[in-house]
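Below is final_37.pdb, holding PDB, C-alpha atoms.
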```pdb
ATOM      1  CA  SER A   1      -9.788   4.100 -26.712
ATOM      2  CA  LYS A   2      -8.603   0.588 -25.914
ATOM      3  CA  LYS A   3     -11.053  -1.531 -23.933
ATOM      4  CA  LEU A   4      -9.867  -2.252 -20.380
ATOM      5  CA  PRO A   5      -9.459  -5.910 -19.379
ATOM      6  CA  THR A   6     -11.613  -7.174 -16.483
ATOM      7  CA  HIS A   7      -8.984  -9.796 -15.542
ATOM      8  CA  ASN A   8      -5.844 -11.478 -16.846
ATOM      9  CA  VAL A   9      -7.104 -14.428 -18.918
ATOM     10  CA  GLN A  10      -3.819 -16.289 -18.354
ATOM     11  CA  LEU A  11      -4.118 -16.259 -14.552
ATOM     12  CA  PRO A  12      -6.570 -18.231 -12.396
ATOM     13  CA  PHE A  13      -9.090 -16.708 -10.000
ATOM     14  CA  ILE A  14      -8.715 -17.718  -6.349
ATOM     15  CA  LYS A  15     -10.401 -21.037  -5.706
ATOM     16  CA  GLY A  16     -13.923 -20.501  -4.400
ATOM     17  CA  VAL A  17     -14.164 -16.780  -5.166
ATOM     18  CA  ASP A  18     -16.765 -17.447  -7.877
ATOM     19  CA  THR A  19     -19.077 -19.316  -5.496
ATOM     20  CA  GLN A  20     -18.337 -17.255  -2.389
ATOM     21  CA  LEU A  21     -18.461 -13.747  -3.867
ATOM     22  CA  ASN A  22     -19.907 -14.407  -7.320
ATOM     23  CA  TRP A  23     -16.740 -12.828  -8.738
ATOM     24  CA  THR A  24     -16.013 -12.934 -12.477
ATOM     25  CA  GLY A  25     -13.743  -9.930 -12.937
ATOM     26  CA  ASN A  26     -13.251  -6.244 -12.226
ATOM     27  CA  PRO A  27     -16.172  -3.872 -12.747
ATOM     28  CA  ILE A  28     -15.679  -1.246 -15.458
ATOM     29  CA  ASP A  29     -17.937   1.764 -15.972
ATOM     30  CA  LYS A  30     -17.614   4.395 -18.735
ATOM     31  CA  GLY A  31     -14.190   2.996 -19.654
ATOM     32  CA  MET A  32     -12.817   3.241 -16.109
ATOM     33  CA  TYR A  33     -12.088   0.731 -13.349
ATOM     34  CA  GLN A  34     -14.476   1.001 -10.390
ATOM     35  CA  ASN A  35     -14.547  -0.023  -6.757
ATOM     36  CA  HIS A  36     -17.034  -2.888  -6.549
ATOM     37  CA  GLU A  37     -18.710  -1.444  -3.444
ATOM     38  CA  PHE A  38     -18.108   2.313  -3.440
ATOM     39  CA  PRO A  39     -17.915   3.872  -6.917
ATOM     40  CA  MET A  40     -15.727   6.988  -6.815
ATOM     41  CA  SER A  41     -18.010   9.979  -6.438
ATOM     42  CA  LYS A  42     -15.802  12.963  -5.524
ATOM     43  CA  ALA A  43     -16.216  16.028  -7.697
ATOM     44  CA  PHE A  44     -14.071  19.160  -8.132
ATOM     45  CA  SER A  45     -16.543  20.976  -5.849
ATOM     46  CA  ASP A  46     -15.578  18.590  -3.010
ATOM     47  CA  VAL A  47     -11.886  19.384  -3.477
ATOM     48  CA  TRP A  48     -12.766  23.093  -3.470
ATOM     49  CA  ARG A  49     -14.845  22.668  -0.282
ATOM     50  CA  TRP A  50     -11.919  20.946   1.463
ATOM     51  CA  LYS A  51      -9.208  23.360   0.303
ATOM     52  CA  SER A  52     -11.235  26.519   0.921
ATOM     53  CA  LYS A  53     -11.982  25.659   4.581
ATOM     54  CA  LYS A  54      -9.547  26.456   7.378
ATOM     55  CA  ASN A  55      -7.667  23.411   8.629
ATOM     56  CA  PRO A  56      -8.718  22.881  12.287
ATOM     57  CA  TYR A  57      -5.303  21.284  12.954
ATOM     58  CA  GLU A  58      -3.295  24.187  11.542
ATOM     59  CA  GLU A  59      -1.633  25.271  14.804
ATOM     60  CA  GLU A  60      -1.123  21.723  16.079
ATOM     61  CA  LYS A  61       0.392  20.851  12.709
ATOM     62  CA  LYS A  62       2.925  23.689  12.877
ATOM     63  CA  GLN A  63       4.047  22.636  16.353
ATOM     64  CA  ASP A  64       4.242  18.881  15.713
ATOM     65  CA  THR A  65       7.910  17.855  15.992
ATOM     66  CA  PHE A  66       7.212  14.132  15.416
ATOM     67  CA  ARG A  67       9.729  12.309  13.232
ATOM     68  CA  LEU A  68       9.797   8.584  12.542
ATOM     69  CA  PRO A  69      12.720   6.986  14.403
ATOM     70  CA  ILE A  70      15.340   4.886  12.618
ATOM     71  CA  ALA A  71      16.596   1.641  14.193
ATOM     72  CA  GLU A  72      20.077   1.907  15.691
ATOM     73  CA  ASP A  73      20.946  -1.559  14.440
ATOM     74  CA  LEU A  74      20.399  -2.063  10.692
ATOM     75  CA  THR A  75      22.442  -5.261  10.306
ATOM     76  CA  ALA A  76      19.360  -7.470   9.748
ATOM     77  CA  LEU A  77      18.076  -5.180   6.978
ATOM     78  CA  LYS A  78      21.469  -5.134   5.254
ATOM     79  CA  ASP A  79      22.021  -8.894   5.556
ATOM     80  CA  SER A  80      20.590 -10.434   2.372
ATOM     81  CA  GLN A  81      20.237 -13.837   4.080
ATOM     82  CA  GLN A  82      18.295 -12.601   7.120
ATOM     83  CA  ASN A  83      14.521 -13.224   7.025
ATOM     84  CA  GLY A  84      12.470 -10.178   7.884
ATOM     85  CA  ILE A  85       9.853  -7.490   7.316
ATOM     86  CA  PHE A  86      11.381  -4.000   7.219
ATOM     87  CA  TRP A  87       9.694  -0.594   6.836
ATOM     88  CA  LEU A  88      11.543   2.080   4.849
ATOM     89  CA  GLY A  89       8.817   4.765   5.196
ATOM     90  CA  HIS A  90       5.370   5.508   3.706
ATOM     91  CA  ALA A  91       4.305   2.338   1.796
ATOM     92  CA  THR A  92       7.805   1.006   1.110
ATOM     93  CA  PHE A  93       8.580  -2.340   2.746
ATOM     94  CA  VAL A  94      11.206  -5.011   2.233
ATOM     95  CA  PHE A  95      10.072  -8.614   2.753
ATOM     96  CA  ARG A  96      12.831 -11.227   2.780
ATOM     97  CA  PHE A  97      12.474 -14.988   3.214
ATOM     98  CA  ASN A  98      14.920 -17.736   2.233
ATOM     99  CA  GLY A  99      17.033 -15.237   0.304
ATOM    100  CA  ILE A 100      14.048 -14.081  -1.821
ATOM    101  CA  GLN A 101      13.577 -10.313  -1.484
ATOM    102  CA  PHE A 102      10.506  -8.207  -2.321
ATOM    103  CA  ILE A 103      10.017  -4.448  -2.241
ATOM    104  CA  THR A 104       6.643  -2.662  -2.151
ATOM    105  CA  ASP A 105       5.864   0.748  -3.698
ATOM    106  CA  PRO A 106       9.442   2.109  -3.539
ATOM    107  CA  VAL A 107       9.696   5.881  -3.029
ATOM    108  CA  PHE A 108      13.110   6.999  -1.772
ATOM    109  CA  LYS A 109      13.051  10.795  -1.853
ATOM    110  CA  LYS A 110      10.191  13.217  -2.358
ATOM    111  CA  ALA A 111       6.906  12.129  -3.952
ATOM    112  CA  ALA A 112       6.562  14.282  -7.086
ATOM    113  CA  VAL A 113       6.820  17.768  -5.516
ATOM    114  CA  ILE A 114       5.945  16.694  -1.963
ATOM    115  CA  LYS A 115       8.732  16.983   0.615
ATOM    116  CA  ARG A 116       9.871  13.872   2.477
ATOM    117  CA  TRP A 117       9.817  14.115   6.280
ATOM    118  CA  SER A 118      11.282  10.715   7.206
ATOM    119  CA  LYS A 119      14.829   9.649   6.451
ATOM    120  CA  LEU A 120      15.521   6.538   4.403
ATOM    121  CA  PRO A 121      17.241   4.004   6.702
ATOM    122  CA  VAL A 122      19.432   2.582   3.892
ATOM    123  CA  LYS A 123      20.705   3.672   0.494
ATOM    124  CA  PRO A 124      18.847   2.196  -2.518
ATOM    125  CA  SER A 125      22.143   0.524  -3.554
ATOM    126  CA  GLU A 126      22.046  -1.452  -0.284
ATOM    127  CA  LEU A 127      18.721  -3.069  -1.243
ATOM    128  CA  SER A 128      20.349  -5.620  -3.540
ATOM    129  CA  PRO A 129      19.542  -8.264  -4.465
ATOM    130  CA  THR A 130      15.810  -7.433  -4.753
ATOM    131  CA  HIS A 131      14.059 -10.028  -6.881
ATOM    132  CA  TYR A 132      10.457  -8.803  -7.004
ATOM    133  CA  LEU A 133       8.559  -5.511  -6.949
ATOM    134  CA  LEU A 134       4.962  -5.384  -5.662
ATOM    135  CA  MET A 135       3.251  -2.262  -7.025
ATOM    136  CA  SER A 136      -0.136  -1.465  -5.479
ATOM    137  CA  HIS A 137      -1.208   1.414  -7.756
ATOM    138  CA  ASP A 138      -0.054   4.294  -9.941
ATOM    139  CA  HIS A 139      -0.212   7.298  -7.569
ATOM    140  CA  ARG A 140       3.055   9.215  -7.400
ATOM    141  CA  ASP A 141       3.603   8.642  -3.671
ATOM    142  CA  HIS A 142       3.668   4.888  -4.470
ATOM    143  CA  CYS A 143       4.844   4.608  -8.086
ATOM    144  CA  ASP A 144       7.867   6.891  -8.487
ATOM    145  CA  LYS A 145       9.870   6.878 -11.707
ATOM    146  CA  THR A 146      13.202   7.967 -10.136
ATOM    147  CA  SER A 147      13.035   5.332  -7.377
ATOM    148  CA  LEU A 148      12.042   2.589  -9.831
ATOM    149  CA  ARG A 149      14.949   3.554 -12.113
ATOM    150  CA  LYS A 150      17.295   3.159  -9.121
ATOM    151  CA  MET A 151      15.819  -0.234  -8.253
ATOM    152  CA  ILE A 152      16.307  -1.610 -11.770
ATOM    153  CA  LYS A 153      19.824  -0.122 -11.966
ATOM    154  CA  PHE A 154      20.913  -2.058  -8.869
ATOM    155  CA  ASN A 155      18.669  -5.073  -9.570
ATOM    156  CA  PRO A 156      18.601  -5.596 -13.356
ATOM    157  CA  GLU A 157      16.787  -8.962 -13.060
ATOM    158  CA  MET A 158      13.989  -7.650 -10.815
ATOM    159  CA  GLN A 159      10.442  -8.539 -11.939
ATOM    160  CA  PHE A 160       7.208  -6.733 -11.078
ATOM    161  CA  TYR A 161       3.704  -7.737 -10.004
ATOM    162  CA  SER A 162       0.870  -5.225 -10.304
ATOM    163  CA  GLY A 163      -2.768  -4.554 -11.183
ATOM    164  CA  LEU A 164      -4.275  -4.587 -14.662
ATOM    165  CA  ASN A 165      -2.963  -2.086 -17.211
ATOM    166  CA  MET A 166       0.067  -1.104 -15.062
ATOM    167  CA  SER A 167       2.611  -2.810 -17.357
ATOM    168  CA  GLY A 168       2.879   0.170 -19.727
ATOM    169  CA  ILE A 169       4.327   2.604 -17.199
ATOM    170  CA  LEU A 170       6.206  -0.042 -15.193
ATOM    171  CA  ARG A 171       8.054  -1.421 -18.230
ATOM    172  CA  LYS A 172       8.912   2.154 -19.213
ATOM    173  CA  PHE A 173      10.196   3.103 -15.749
ATOM    174  CA  LEU A 174      11.932  -0.276 -15.274
ATOM    175  CA  LYS A 175      13.541  -0.247 -18.737
ATOM    176  CA  GLY A 176      11.699  -3.262 -20.127
ATOM    177  CA  ALA A 177      11.650  -5.452 -16.986
ATOM    178  CA  LYS A 178       9.474  -8.558 -17.015
ATOM    179  CA  GLY A 179       6.332  -8.699 -14.926
ATOM    180  CA  GLN A 180       2.738  -9.788 -14.501
ATOM    181  CA  GLU A 181      -0.481  -7.904 -13.944
ATOM    182  CA  ALA A 182      -3.649  -9.316 -12.414
ATOM    183  CA  GLY A 183      -7.253  -8.416 -11.691
ATOM    184  CA  TRP A 184      -8.682  -8.642  -8.191
ATOM    185  CA  TYR A 185      -8.888 -12.135  -6.701
ATOM    186  CA  GLN A 186      -6.353 -13.548  -9.165
ATOM    187  CA  LYS A 187      -3.284 -15.637  -8.405
ATOM    188  CA  PHE A 188       0.051 -14.740 -10.020
ATOM    189  CA  GLU A 189       2.323 -17.356 -11.589
ATOM    190  CA  THR A 190       5.222 -17.757  -9.155
ATOM    191  CA  GLU A 191       7.893 -20.170  -7.941
ATOM    192  CA  GLY A 192       8.870 -20.597  -4.282
ATOM    193  CA  PHE A 193       5.985 -18.472  -2.960
ATOM    194  CA  GLU A 194       2.304 -17.686  -3.596
ATOM    195  CA  LEU A 195       1.076 -14.212  -4.522
ATOM    196  CA  TYR A 196      -2.475 -12.898  -4.997
ATOM    197  CA  PHE A 197      -3.943  -9.537  -6.072
ATOM    198  CA  LEU A 198      -6.915  -8.294  -4.035
ATOM    199  CA  PRO A 199      -9.313  -5.335  -3.797
ATOM    200  CA  THR A 200      -8.884  -1.982  -2.120
ATOM    201  CA  ARG A 201     -11.250   0.978  -1.957
ATOM    202  CA  HIS A 202      -9.198   3.512  -3.886
ATOM    203  CA  TRP A 203      -8.622   4.989  -7.360
ATOM    204  CA  ALA A 204      -5.859   5.664  -9.915
ATOM    205  CA  LYS A 205      -4.475   8.678 -11.770
ATOM    206  CA  ARG A 206      -1.141  10.149 -12.865
ATOM    207  CA  GLY A 207      -2.062  12.659 -15.577
ATOM    208  CA  LEU A 208      -5.051  14.610 -16.846
ATOM    209  CA  THR A 209      -6.666  11.885 -18.956
ATOM    210  CA  ASP A 210      -5.899   8.576 -17.212
ATOM    211  CA  THR A 211      -8.280   8.524 -14.221
ATOM    212  CA  ASN A 212      -8.965   4.902 -13.201
ATOM    213  CA  LYS A 213      -7.331   3.488 -16.351
ATOM    214  CA  ARG A 214      -4.944   1.369 -14.229
ATOM    215  CA  LEU A 215      -6.123  -0.995 -11.523
ATOM    216  CA  TRP A 216      -5.267  -0.403  -7.850
ATOM    217  CA  GLY A 217      -5.189  -3.156  -5.221
ATOM    218  CA  SER A 218      -3.498  -5.078  -2.421
ATOM    219  CA  PHE A 219      -1.474  -8.287  -2.134
ATOM    220  CA  ILE A 220      -1.374 -11.513  -0.172
ATOM    221  CA  LEU A 221       2.096 -13.026  -0.065
ATOM    222  CA  LYS A 222       2.535 -16.569   1.262
ATOM    223  CA  ILE A 223       6.137 -17.600   1.784
ATOM    224  CA  ASP A 224       8.067 -19.808   4.214
ATOM    225  CA  GLY A 225       4.920 -20.515   6.245
ATOM    226  CA  VAL A 226       4.160 -16.780   6.685
ATOM    227  CA  THR A 227       1.139 -14.954   5.197
ATOM    228  CA  ILE A 228       1.471 -11.171   4.725
ATOM    229  CA  TYR A 229      -1.325  -8.865   3.605
ATOM    230  CA  PHE A 230       0.079  -5.663   2.065
ATOM    231  CA  GLY A 231      -2.930  -3.365   1.958
ATOM    232  CA  GLY A 232      -1.862  -0.626  -0.477
ATOM    233  CA  ASP A 233      -4.081   2.473  -0.123
ATOM    234  CA  SER A 234      -7.680   1.885   0.917
ATOM    235  CA  GLY A 235     -10.722   3.330   2.534
ATOM    236  CA  TYR A 236     -12.635   0.975   4.840
ATOM    237  CA  GLY A 237     -14.979  -1.547   3.209
ATOM    238  CA  SER A 238     -16.386  -5.080   3.199
ATOM    239  CA  HIS A 239     -13.413  -6.318   1.146
ATOM    240  CA  TYR A 240     -11.524  -6.991   4.389
ATOM    241  CA  ASN A 241     -14.152  -9.493   5.539
ATOM    242  CA  ASP A 242     -14.180 -11.038   2.056
ATOM    243  CA  ILE A 243     -10.390 -11.424   2.069
ATOM    244  CA  ALA A 244     -10.474 -13.030   5.541
ATOM    245  CA  LYS A 245     -12.899 -15.690   4.270
ATOM    246  CA  LEU A 246     -10.529 -16.613   1.448
ATOM    247  CA  PHE A 247      -7.358 -16.303   3.570
ATOM    248  CA  PRO A 248      -8.294 -17.301   7.138
ATOM    249  CA  GLN A 249      -4.719 -17.338   8.490
ATOM    250  CA  ILE A 250      -3.105 -13.946   7.891
ATOM    251  CA  ASP A 251      -0.051 -13.331  10.063
ATOM    252  CA  TYR A 252       0.676  -9.668   9.243
ATOM    253  CA  ALA A 253      -1.799  -7.028   8.053
ATOM    254  CA  ILE A 254       0.056  -3.975   6.740
ATOM    255  CA  LEU A 255      -2.460  -1.128   6.543
ATOM    256  CA  GLY A 256      -2.330   2.631   5.970
ATOM    257  CA  ILE A 257      -3.310   4.895   8.877
ATOM    258  CA  GLY A 258      -2.392   8.352   7.521
ATOM    259  CA  ALA A 259      -3.744  11.037   5.169
ATOM    260  CA  TYR A 260      -7.254  10.693   6.623
ATOM    261  CA  GLU A 261      -8.337  14.216   7.662
ATOM    262  CA  PRO A 262     -10.874  15.584   6.899
ATOM    263  CA  GLU A 263     -12.565  12.205   7.050
ATOM    264  CA  TRP A 264     -15.632  13.264   5.031
ATOM    265  CA  PHE A 265     -13.269  13.821   2.077
ATOM    266  CA  MET A 266     -10.533  11.233   2.671
ATOM    267  CA  GLU A 267     -12.482   8.149   3.814
ATOM    268  CA  ASP A 268     -13.177   7.081   0.210
ATOM    269  CA  ASN A 269      -9.525   6.297  -0.342
ATOM    270  CA  HIS A 270      -7.610   6.292   2.975
ATOM    271  CA  SER A 271      -8.372   4.923   6.458
ATOM    272  CA  SER A 272      -8.113   6.615   9.833
ATOM    273  CA  PRO A 273      -6.186   4.723  12.540
ATOM    274  CA  LEU A 274      -9.539   3.565  13.987
ATOM    275  CA  LYS A 275     -10.867   2.312  10.626
ATOM    276  CA  ALA A 276      -7.525   0.626   9.883
ATOM    277  CA  TYR A 277      -7.700  -1.096  13.279
ATOM    278  CA  LYS A 278     -11.211  -2.290  12.378
ATOM    279  CA  ALA A 279      -9.844  -3.622   9.055
ATOM    280  CA  TYR A 280      -7.098  -5.531  10.917
ATOM    281  CA  LYS A 281      -9.772  -7.097  13.133
ATOM    282  CA  ASP A 282     -11.915  -7.944  10.066
ATOM    283  CA  LEU A 283      -8.892  -9.617   8.481
ATOM    284  CA  ASN A 284      -8.440 -11.626  11.677
ATOM    285  CA  ALA A 285      -4.676 -11.117  11.396
ATOM    286  CA  LYS A 286      -2.212 -11.923  14.188
ATOM    287  CA  TYR A 287      -0.293  -8.648  13.825
ATOM    288  CA  PHE A 288      -1.031  -5.161  12.525
ATOM    289  CA  ILE A 289       1.828  -3.097  11.047
ATOM    290  CA  PRO A 290       0.748   0.483  10.207
ATOM    291  CA  MET A 291       2.150   2.462   7.257
ATOM    292  CA  HIS A 292       1.392   5.514   5.092
ATOM    293  CA  TYR A 293       2.117   8.140   7.771
ATOM    294  CA  GLY A 294       5.051  10.209   9.021
ATOM    295  CA  THR A 295       6.755  10.466   5.601
ATOM    296  CA  PHE A 296       4.674  12.755   3.369
ATOM    297  CA  ASP A 297       2.273  15.504   4.441
ATOM    298  CA  LEU A 298      -0.758  14.692   2.270
ATOM    299  CA  SER A 299      -3.735  15.903   4.311
ATOM    300  CA  ASP A 300      -4.954  18.009   7.243
ATOM    301  CA  GLU A 301      -3.803  16.011  10.266
ATOM    302  CA  PRO A 302      -0.429  16.717  11.959
ATOM    303  CA  ILE A 303       2.336  14.358  10.865
ATOM    304  CA  GLY A 304       2.536  12.456  14.175
ATOM    305  CA  LYS A 305      -1.205  12.227  14.841
ATOM    306  CA  PRO A 306      -1.818   8.852  13.115
ATOM    307  CA  GLN A 307       0.776   7.092  15.293
ATOM    308  CA  ARG A 308      -0.427   8.810  18.485
ATOM    309  CA  GLU A 309      -4.024   7.761  17.721
ATOM    310  CA  LEU A 310      -2.982   4.167  17.027
ATOM    311  CA  GLU A 311      -0.943   4.022  20.250
ATOM    312  CA  LYS A 312      -4.109   5.067  22.143
ATOM    313  CA  ILE A 313      -6.157   2.367  20.397
ATOM    314  CA  LYS A 314      -3.467  -0.223  21.184
ATOM    315  CA  MET A 315      -3.508   0.740  24.896
ATOM    316  CA  GLU A 316      -7.315   0.899  25.177
ATOM    317  CA  ASN A 317      -7.645  -2.568  23.628
ATOM    318  CA  LYS A 318      -4.542  -3.980  25.373
ATOM    319  CA  ASP A 319      -3.671  -5.314  21.908
ATOM    320  CA  THR A 320      -0.168  -6.794  21.760
ATOM    321  CA  GLY A 321      -0.732  -7.574  18.063
ATOM    322  CA  VAL A 322      -0.334  -3.908  17.106
ATOM    323  CA  ILE A 323       3.311  -3.270  16.170
ATOM    324  CA  ILE A 324       4.422   0.383  16.235
ATOM    325  CA  PRO A 325       7.216   0.172  13.652
ATOM    326  CA  VAL A 326      10.677   1.715  13.677
ATOM    327  CA  LEU A 327      12.252   2.419  10.279
ATOM    328  CA  GLY A 328      14.756  -0.264   9.277
ATOM    329  CA  ALA A 329      13.976  -2.544  12.253
ATOM    330  CA  ASN A 330      13.039  -6.181  11.710
ATOM    331  CA  LEU A 331       9.278  -6.369  12.366
ATOM    332  CA  LEU A 332       9.082 -10.167  11.967
ATOM    333  CA  ARG A 333       7.765 -11.772  15.172
TER     334      ARG A 333
END
```

Take the structure in the file and give it back as structure tokens.
Amino acid sequence: SKKLPTHNVQLPFIKGVDTQLNWTGNPIDKGMYQNHEFPMSKAFSDVWRWKSKKNPYEEEKKQDTFRLPIAEDLTALKDSQQNGIFWLGHATFVFRFNGIQFITDPVFKKAAVIKRWSKLPVKPSELSPTHYLLMSHDHRDHCDKTSLRKMIKFNPEMQFYSGLNMSGILRKFLKGAKGQEAGWYQKFETEGFELYFLPTRHWAKRGLTDTNKRLWGSFILKIDGVTIYFGGDSGYGSHYNDIAKLFPQIDYAILGIGAYEPEWFMEDNHSSPLKAYKAYKDLNAKYFIPMHYGTFDLSDEPIGKPQRELEKIKMENKDTGVIIPVLGANLLR
């Protein structure tokens, strides 16, 4: 099989990452990408242990009527000249500054066979013009062929940015669109903004034989004086402290808070609201926007539990930096 690249030789590493973290490229073991701190160690027996045990939240889950609210006023989202950060559900965000529009991990309906619980605040056709796609990893609740086909249909010039070895499927889904892939701690070639690819504690897989063949990660976007960290999917780890050292002025940390129960099984790749809050503090960001909850039922906890837990944390810490998002609302402060 083809040898995996450790980095994109055409792109630079972030200045100082070699001296600060002794970073020279992504670790690869047995022909697979690895987390630099927590190599993936789950076995089939762990999945069996999780699935064969009774879910302690079963009753609470059945009775949970929580649904993500949609903003009454969607004019800012639909106005292609209005700066903003908008959540469309799960890990799908629109960032728009100076008429340049980005979309992250677009999934508009169900994720593979998994039912969608939150409504999409706008039609995909209303998301034009979108200039750039940020793709965090290949999992089907983030990288969805049908949604990507819609995006390229309405935005034929859209380009993508992603992790190493993602180009194959993205060019296929996006009908030959142009794009760049990077290793962790690399800077993309861009005009009018800065974009960097960074670590997460996660993994990759779409089929039976492609485990960890494509690199997962997160992004820092710097545009119009604003720095946004889009965290992709991640368990908690020291990478948040490392990122804060390299980017000491993050305005918005967008971090997943759902699909975390049972924690003994899920903590390798997703964060609980408490761990995500800790990550936001490690990143030393001004604001925390949660995601990855309320849209797809991927784990044991009830669908509204992540938001309820985060609201408690926000109150206990009297933290005005925690933004509880409404779908389609402008979250830019």

Can you turn the PyMOL selection byres ((chain A and resi 271) around 9) into a concrete residue list for this file, as a count of residues only? 21

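Of the residues under consideration (A:Glu59, A:Asp138, A:Asp297, A:Asp319), A:Asp138 shows the shortest atom-to-atom contact distance to Arg206 of chain A when counting all atoms listed in the file.
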
Run the PyMOL selection byres ((chain A and resi 194) around 10) on the file and write out the hits as an MDAnalysis selection string. chainID A and resid 187:193 195:196 220:224 227

Record the distance separating atom CA of His131 of chain A and atom CA of Tyr161 of chain A, expressed in Å with one decimal. 11.1 Å

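Among the candidates A:Ile152, A:Leu215, A:Ala177, A:Leu170, the one nearest to Pro129 of chain A when counting all atoms listed in the file is A:Ile152.
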